[in-house]
Amino acid sequence: MPKLAARDETHPVIRWLMTDARRRADSNEFLESFAQQLRAAGVDVSRITTGVPILHPQIFSFSGLWELGKGTTERLYRTGPTSTATMSNSPIRIAYEGGGPVRCDLTTPVREGEFAILEELRRDGYTDYIVYAVPFADGSHKALSLATRRPGGFEAEELALFEAMIPAVAFNLEVQALRRTARTLLDTYVGRQSGGRVLEGQIQRGTGETIRAVIWLCDLRGFTNLSEALLRDALIDHLNSYFGPMCDAVANEGGEILKFIGDAMLAIFPIGADPAKTCGAALIAAEQAQAALSEENRRRESAGLPRIEYGLALHVGDVMYGNIGSDTRLDFTVIGPAVNLTARIESMCRQLGRQLLLSSDFVGAASLPAKSLGAFSLKGVGADQEIFVPA
């Protein structure tokens, strides 16, 4: 492999990290190309991982794994007791704390209390394993590990390269982590589809497009009384126990959760070439939410907790999907008469004693059997609206 002086930016791997690698924003693509660059430079590496803690409501960190002959995969570690226990006996923890490098000779006998990962690496035929701390600009540290199956392990020149390339690796991982954090925050607070549009630059006030969609609006019943009767934490638990199944059902069937409005939730299922299929997915989501909340209510009743009562309406219509708000505070959402009509239909759930109501436009687009409950005059809507329930 090419000779290397300390911090030698002329080495082909480091030069690649400082130039072409920057254009690989996708972490899997970067890791695959990084491994190819190392091997092309004569480095006998057979396994590489990156570990990056991220800002996410459920995920503690993501890790890229490249293995010779197998390609690249991504692993997500959820926050919880299991991941905490795994991390406590891992050289990755030492790297996250800014320590290391940690080098392990995998040809030596097993020692009591050694890192748990070493058993797996020995079993897979690796002989040498090293973990580096990768410093980020904010003072935190991420992790890079490399392993080889070569008898005798890594050579001195390879180790010198690893030390020298850490700053360039850090630059690339930090760019990827920042983009992932931005995407995670947008997905979490704006929604996956809307977040993607914002990340692509659709942030000008008033911009948007008219789309046809299934509109989902659900509302929690009796929230005012609950807010007065329940303590803060119990009220938050009640809301989360209601929103959770609703959100999961929408996401599982390809819908987009747009916003929470107090105790209500607005979501859409954009309609493509097959309206009936999209309506079917929305109806399946509604039925999944109903089933999950029925189970939750059984649990709550046995625990002496108040039931979750709600209404849900599905409608099909054209909506303006885009940015509204002020110069400095925007909301990416849907507006239009179809959204207002959905809200009026949902408000009939209590009067009609139903959890789920369907508009005539939804029934027509879905091509599914439904039972009419009659035509009703709705506030702010000119013509009477026929309302249905699933047959």
# chains A, B, ... in the order shown; residues from 1 in each chain; ligands from 1

call {"tool": "residues_around", "arguments": {"residues": "segment 304-311 of chain A", "least_positions_apart": "3", "cutoff": "7 Å", "atoms": "only C-alpha atoms", "output": "list of chain:residue names"}}
result
A:Cys218, A:Asp219, A:Leu220, A:Arg221, A:Tyr242, A:Asn297, A:Arg300, A:Glu301, A:Glu346, A:Cys349, A:Gln355, A:Leu356

call {"tool": "write_last_selection", "arguments": {"atoms": "N, CA and C atoms", "output": "compact mmCIF listing (two decimals), in the first residue's frame"}}
result
# COMPACT_ATOMS: atom_id res chain seq x y z
N CYS A 218 -59.59 12.54 13.08
CA CYS A 218 -60.12 11.89 14.28
C CYS A 218 -60.05 12.87 15.45
N ASP A 219 -60.96 12.69 16.40
CA ASP A 219 -61.09 13.64 17.50
C ASP A 219 -61.42 12.87 18.77
N LEU A 220 -60.76 13.23 19.85
CA LEU A 220 -61.00 12.59 21.14
C LEU A 220 -62.23 13.20 21.80
N ARG A 221 -63.09 12.35 22.32
CA ARG A 221 -64.31 12.82 22.96
C ARG A 221 -64.07 13.13 24.45
N TYR A 242 -54.24 7.22 22.96
CA TYR A 242 -55.20 7.45 21.85
C TYR A 242 -54.47 7.73 20.54
N ASN A 297 -58.87 -0.07 25.46
CA ASN A 297 -59.96 0.24 26.39
C ASN A 297 -60.23 -0.92 27.34
N ARG A 300 -57.62 -0.53 29.92
CA ARG A 300 -57.87 0.62 30.78
C ARG A 300 -59.01 0.34 31.76
N GLU A 301 -60.03 -0.35 31.31
CA GLU A 301 -61.14 -0.67 32.20
C GLU A 301 -60.68 -1.57 33.34
N GLU A 346 -67.03 14.31 10.85
CA GLU A 346 -66.52 13.73 12.10
C GLU A 346 -67.35 14.21 13.29
N CYS A 349 -70.20 12.05 14.61
CA CYS A 349 -70.00 10.73 15.23
C CYS A 349 -70.75 10.60 16.55
N GLN A 355 -68.26 5.38 15.81
CA GLN A 355 -66.85 5.75 15.89
C GLN A 355 -66.29 6.16 14.54
N LEU A 356 -66.81 5.56 13.46
CA LEU A 356 -66.26 5.77 12.12
C LEU A 356 -67.37 6.13 11.15

call {"tool": "residues_around", "arguments": {"residues": "Gln36 of chain A", "least_positions_apart": "3", "cutoff": "12 Å", "atoms": "only C-alpha atoms", "output": "list in words"}}
result
Pro12, Val13, Trp16, Ala21, Glu29, Phe30, Leu31, Glu32, Ser33, Arg39, Ala40, Ala41, Gly42, Val43, Asp44, Val45, Ser46, Arg47, Ile48, Trp66, Glu67, Leu68, Gly69, Gly71 and Thr72 of chain A

call {"tool": "residues_around", "arguments": {"residues": "Tyr321 of chain A", "least_positions_apart": "4", "cutoff": "8 Å", "atoms": "only C-alpha atoms", "output": "NGL selection string"}}
result
:A and (208-211 or 332-335)

call {"tool": "write_last_selection", "arguments": {"atoms": "all heavy atoms", "output": "PDB file, in the first residue's frame"}}
result
ATOM      1  N   GLY A 208     -47.288  25.351  -3.042  1.00  0.00           N
ATOM      2  CA  GLY A 208     -47.985  24.099  -2.819  1.00  0.00           C
ATOM      3  C   GLY A 208     -48.598  23.598  -4.105  1.00  0.00           C
ATOM      4  O   GLY A 208     -48.360  24.144  -5.189  1.00  0.00           O
ATOM      5  N   GLU A 209     -49.378  22.560  -3.981  1.00  0.00           N
ATOM      6  CA  GLU A 209     -50.040  21.977  -5.149  1.00  0.00           C
ATOM      7  C   GLU A 209     -51.377  21.412  -4.719  1.00  0.00           C
ATOM      8  O   GLU A 209     -51.598  21.108  -3.541  1.00  0.00           O
ATOM      9  CB  GLU A 209     -49.169  20.873  -5.755  1.00  0.00           C
ATOM     10  CG  GLU A 209     -48.903  19.705  -4.801  1.00  0.00           C
ATOM     11  CD  GLU A 209     -48.071  18.625  -5.448  1.00  0.00           C
ATOM     12  OE1 GLU A 209     -48.373  18.264  -6.596  1.00  0.00           O
ATOM     13  OE2 GLU A 209     -47.128  18.132  -4.794  1.00  0.00           O
ATOM     14  N   THR A 210     -52.267  21.293  -5.670  1.00  0.00           N
ATOM     15  CA  THR A 210     -53.562  20.675  -5.400  1.00  0.00           C
ATOM     16  C   THR A 210     -53.436  19.182  -5.651  1.00  0.00           C
ATOM     17  O   THR A 210     -52.997  18.761  -6.723  1.00  0.00           O
ATOM     18  CB  THR A 210     -54.653  21.262  -6.296  1.00  0.00           C
ATOM     19  OG1 THR A 210     -54.784  22.668  -6.005  1.00  0.00           O
ATOM     20  CG2 THR A 210     -55.989  20.579  -6.038  1.00  0.00           C
ATOM     21  N   ILE A 211     -53.769  18.399  -4.642  1.00  0.00           N
ATOM     22  CA  ILE A 211     -53.713  16.950  -4.784  1.00  0.00           C
ATOM     23  C   ILE A 211     -55.065  16.365  -4.377  1.00  0.00           C
ATOM     24  O   ILE A 211     -55.843  16.991  -3.657  1.00  0.00           O
ATOM     25  CB  ILE A 211     -52.604  16.325  -3.920  1.00  0.00           C
ATOM     26  CG1 ILE A 211     -52.898  16.529  -2.419  1.00  0.00           C
ATOM     27  CG2 ILE A 211     -51.226  16.898  -4.276  1.00  0.00           C
ATOM     28  CD1 ILE A 211     -51.992  15.724  -1.502  1.00  0.00           C
ATOM     29  N   PHE A 332     -46.617  23.091   7.023  1.00  0.00           N
ATOM     30  CA  PHE A 332     -46.819  22.325   5.800  1.00  0.00           C
ATOM     31  C   PHE A 332     -48.033  21.436   6.045  1.00  0.00           C
ATOM     32  O   PHE A 332     -47.990  20.493   6.826  1.00  0.00           O
ATOM     33  CB  PHE A 332     -45.587  21.473   5.487  1.00  0.00           C
ATOM     34  CG  PHE A 332     -45.427  21.176   4.033  1.00  0.00           C
ATOM     35  CD1 PHE A 332     -44.504  21.859   3.263  1.00  0.00           C
ATOM     36  CD2 PHE A 332     -46.217  20.226   3.411  1.00  0.00           C
ATOM     37  CE1 PHE A 332     -44.358  21.599   1.905  1.00  0.00           C
ATOM     38  CE2 PHE A 332     -46.084  19.953   2.070  1.00  0.00           C
ATOM     39  CZ  PHE A 332     -45.152  20.641   1.313  1.00  0.00           C
ATOM     40  N   THR A 333     -49.150  21.747   5.389  1.00  0.00           N
ATOM     41  CA  THR A 333     -50.398  21.081   5.719  1.00  0.00           C
ATOM     42  C   THR A 333     -51.314  21.038   4.505  1.00  0.00           C
ATOM     43  O   THR A 333     -50.894  21.348   3.385  1.00  0.00           O
ATOM     44  CB  THR A 333     -51.079  21.812   6.891  1.00  0.00           C
ATOM     45  OG1 THR A 333     -52.207  21.060   7.323  1.00  0.00           O
ATOM     46  CG2 THR A 333     -51.499  23.225   6.502  1.00  0.00           C
ATOM     47  N   VAL A 334     -52.558  20.653   4.726  1.00  0.00           N
ATOM     48  CA  VAL A 334     -53.579  20.682   3.673  1.00  0.00           C
ATOM     49  C   VAL A 334     -54.713  21.605   4.113  1.00  0.00           C
ATOM     50  O   VAL A 334     -55.057  21.655   5.298  1.00  0.00           O
ATOM     51  CB  VAL A 334     -54.142  19.282   3.353  1.00  0.00           C
ATOM     52  CG1 VAL A 334     -53.082  18.418   2.697  1.00  0.00           C
ATOM     53  CG2 VAL A 334     -54.705  18.599   4.590  1.00  0.00           C
ATOM     54  N   ILE A 335     -55.254  22.348   3.165  1.00  0.00           N
ATOM     55  CA  ILE A 335     -56.397  23.210   3.440  1.00  0.00           C
ATOM     56  C   ILE A 335     -57.378  23.079   2.285  1.00  0.00           C
ATOM     57  O   ILE A 335     -57.028  22.606   1.201  1.00  0.00           O
ATOM     58  CB  ILE A 335     -55.987  24.682   3.616  1.00  0.00           C
ATOM     59  CG1 ILE A 335     -55.251  25.191   2.362  1.00  0.00           C
ATOM     60  CG2 ILE A 335     -55.125  24.870   4.854  1.00  0.00           C
ATOM     61  CD1 ILE A 335     -54.967  26.680   2.393  1.00  0.00           C
TER      62      ILE A 335
END

call {"tool": "atom_distance", "arguments": {"atom1": "atom CA of Pro151 of chain A", "atom2": "atom CA of Glu112 of chain A"}}
result
23.8 Å

call {"tool": "select_by_dssp", "arguments": {"residues": "segment 168-349 of chain A", "states": "helix (DSSP H, G or I)", "output": "PyMOL selection string"}}
result
chain A and resi 168-189+192-199+223-229+232-252+275-302+337-346+348-349

call {"tool": "closest_residue", "arguments": {"among": "A:Leu144, A:Ile271, A:Ala156, A:Val363", "to": "Leu173 of chain A", "atoms": "only C-alpha atoms"}}
result
A:Leu144
